[in-house]
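Working notes for the structure below.
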2 protein chains.
Amino acid sequence: MSSVTHQTIRQSILERIQKGEWALGELIPGEAVLADEYGCARTTINRALQGLASEGLIVRKRKGGTRVSEMPVRQAKFDIPIVREQVEAFGAQYRHQVLRKAEKVPPLGIRTRLGLEKGAKALQLDTIHLADGRPFAFEARWVNLQVVPEMRNAPLDEISANEWLVQTVPFSSGDVVFTAVSASKEVASALEAKEGAAIFVIDRTTSLAGDFVTTMKLFYREGYQLYSQL
Amino acid sequence: MSSVTHQTIRQSILERIQKGEWALGELIPGEAVLADEYGCARTTINRALQGLASEGLIVRKRKGGTRVSEMPVRQAKFDIPIVREQVEAFGAQYRHQVLRKAEKVPPLGIRTRLGLEKGAKALQLDTIHLADGRPFAFEARWVNLQVVPEMRNAPLDEISANEWLVQTVPFSSGDVVFTAVSASKEVASALEAKEGAAIFVIDRTTSLAGDFVTTMKLFYREGYQLYSQL
DNA sequence: TAGTGGTCTAGACCACTCA
DNA sequence: GAGTGGTCTAGACCACTAT
């Protein structure tokens, strides 16, 4: 294959943008022109430019042409891993322990997030995740049993609720919120931290085809950092 | 255009995966077969499958075929916005104030992150971002003057360092770390919070073509939440 | 070595939107 | 109305890798 591929073109145009060949908001040459310039088919240019557009570096409009983005949106992508993998990535041994497993009527906030009717029960699951025997993260979870009734019988000694759900209900979607909170008495004791310690929290709700499956708060031990590249 | 587009096909195949038509790790039909099934060109199928692969839902290998991902990686994407836009998104009025602007030799940690030689000076900039006059975020920044010497004369009364850099050195890359910390005396006073309060921190280092431009810690006011979709 | 995905091309038509 | 990007097609060749 020649060295003129959509990837090399994409890289080349990226560098031209970074070098300032076109100012912010300025029109860059059309696909036809670039195709001629790079000596390739318009399709190939199109693919390169669509890649850059999906990253937010350029803005494309029919008839309006392609412009360098005026407000390049910086996007960070995070892999949201399974806690066990995080622990093992630290080179530590993973273990988890279910602290509470109860079927009961959830508080209003949880009920809303799971889309449950008033009085409906859900499964409450509190888990502590351990790295080399020391607390790594505390998980407070509610599961919608109307969607995954099998969860009642999941072997939670062998596999964490997190992983069981990933395997049983894969490819669900959802949202995530990151926050910092002061450790409550309950969280502090689970994490063996002082009450009031600054704790990094991931608050996550998962849904499958419009049904809310589970909502969870994950409280990490003090000093935990979540890393990503722009 | 017919209703058979790469997008509709992608959605269709996504639904088939979610419905469990193929088990985790199972081989799905080849491009040629799917093209026949959907009555379109192989190119179109290819585009749809590449989209799903880029999201980590399927894994593709030449000769090996396409398989449903065994460990679907959940990725969260965040827009990392400019603080002013965050404040204005809350419907509040934005204002900022430079608390410190000094050219001096940075501590070792900062020096390393900016790739500076021993004894080299950098620009230290502390800024408080205000929403309706109340502290929203405290920014502690160091700028590599070897890369952006113009920063010395930037009109920081009119435009925040953040925005000035985005406009002057757009399209840079970098990394981000999210953490929770207890407010130090300095941070607490800047944010008008209690010492020891749980503060959400974004720690960010930016580079351009291998040169480190700036490193910054952004301490958000108590209760701040960063939201994203999976 | 054979089969699968990765990519390019050339041409075509369509959809949007600016003037 | 005209110019730009969005997409599809049909065919071709290549690159990787499982067998």
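As shown in the structure tokens, the chain order sets the letters A, B, ...; within each chain, residues go from 1, and ligands are also counted from 1 in the order they appear.
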
Checklist line | 10 Å contact set for range 5-18 of chain C, only C-alpha atoms (C1' of nucleotides), chain neighbours under 3 positions out, as a PyMOL selection string | finding: (chain A and resi 1-2+4-6+40-44+61-64) or (chain B and resi 1+30-31+43+46+50+60-66) or (chain D and resi 2-9+11-16)

Okay, now the selection with C-alpha atoms (C1' of nucleotides), as a short mmCIF file (atom, residue, chain, number, x, y, z; two decimals), in the first residue's frame?
```cif
data_model
loop_
_atom_site.label_atom_id
_atom_site.label_comp_id
_atom_site.auth_asym_id
_atom_site.auth_seq_id
_atom_site.Cartn_x
_atom_site.Cartn_y
_atom_site.Cartn_z
CA MET A 1 0.00 0.00 0.00
CA SER A 2 1.18 3.47 -0.69
CA VAL A 4 -0.95 7.84 1.57
CA THR A 5 -3.52 6.35 3.87
CA HIS A 6 -6.38 7.97 5.75
CA CYS A 40 -5.73 10.26 -3.33
CA ALA A 41 -9.45 9.74 -3.67
CA ARG A 42 -11.88 12.11 -2.02
CA THR A 43 -13.21 9.20 0.04
CA THR A 44 -9.87 8.87 1.75
CA LYS A 61 -20.81 21.69 7.52
CA ARG A 62 -22.30 20.91 4.19
CA LYS A 63 -21.87 23.80 1.87
CA GLY A 64 -20.17 25.66 4.70
CA MET B 1 -31.08 7.21 0.60
CA GLY B 30 -18.19 -12.27 8.57
CA GLU B 31 -18.54 -9.04 6.67
CA THR B 43 -17.77 -1.56 2.78
CA ASN B 46 -17.13 -2.74 7.51
CA GLN B 50 -15.40 -0.63 12.87
CA ARG B 60 -11.83 -7.89 15.14
CA LYS B 61 -8.91 -9.86 13.82
CA ARG B 62 -7.89 -10.62 10.31
CA LYS B 63 -8.49 -14.22 9.53
CA GLY B 64 -9.75 -14.65 13.08
CA GLY B 65 -13.04 -12.94 12.32
CA THR B 66 -15.14 -10.70 14.55
"C1'" DA D 2 -25.02 25.80 -6.32
"C1'" DG D 3 -21.34 24.04 -3.62
"C1'" DT D 4 -19.99 21.31 0.12
"C1'" DG D 5 -19.81 17.23 2.93
"C1'" DG D 6 -22.21 12.37 3.76
"C1'" DT D 7 -22.70 8.08 2.12
"C1'" DC D 8 -23.18 3.92 -0.86
"C1'" DT D 9 -21.38 0.74 -4.33
"C1'" DG D 11 -14.28 -4.03 -7.39
"C1'" DA D 12 -9.66 -4.52 -6.20
"C1'" DC D 13 -5.53 -5.43 -3.65
"C1'" DC D 14 -3.14 -5.85 0.65
"C1'" DA D 15 -1.92 -7.38 5.56
"C1'" DC D 16 -2.35 -10.17 8.97
#
```

Please identify every residue of range 39-103 of chain A that has at least one atom no farther than 12 Å from an atom of range 176-193 of chain A, counting only C-alpha atoms, and for each give the shortest atom pair and the distance in Å to one decimal, arranged by chain then increasing number, as CSV.
```
residue,atom,partner,partner_atom,distance
A:Phe78,CA,A:Val176,CA,11.0
A:Asp79,CA,A:Val176,CA,11.9
A:Ile80,CA,A:Val176,CA,9.6
A:Gln97,CA,A:Ala190,CA,10.9
A:Val98,CA,A:Ala190,CA,11.3
A:Leu99,CA,A:Ala190,CA,9.1
A:Arg100,CA,A:Ala190,CA,11.8
```

Next item on the list: Considering only C-alpha atoms (C1' of nucleotides), return as a list in words whatever protein or nucleic-acid residues lie within 12 Å of Gln86 in chain B, sequence-local ones (same chain, fewer than 2 positions apart) excluded.
Entry: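 So the residues in contact are Asp79, Ile80, Pro81, Ile82, Val83, Arg84, Glu88, Ala89, Phe90, Gly91, Ala92, Gln93, Tyr94, Arg95, His129, Leu130, Ala131, Phe136, Ala137, Tyr220, Tyr224, Gln225, Leu226 and Tyr227 of chain B.
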
Next item on the list: Write out as a VMD selection string all residues of range 9-182 of chain B that DSSP puts in helix (DSSP H, G or I) for this structure's backbone.
Entry: chain B and resid 9 to 18 31 to 38 42 to 54 83 to 89 108 to 114 149 to 153 161 to 168
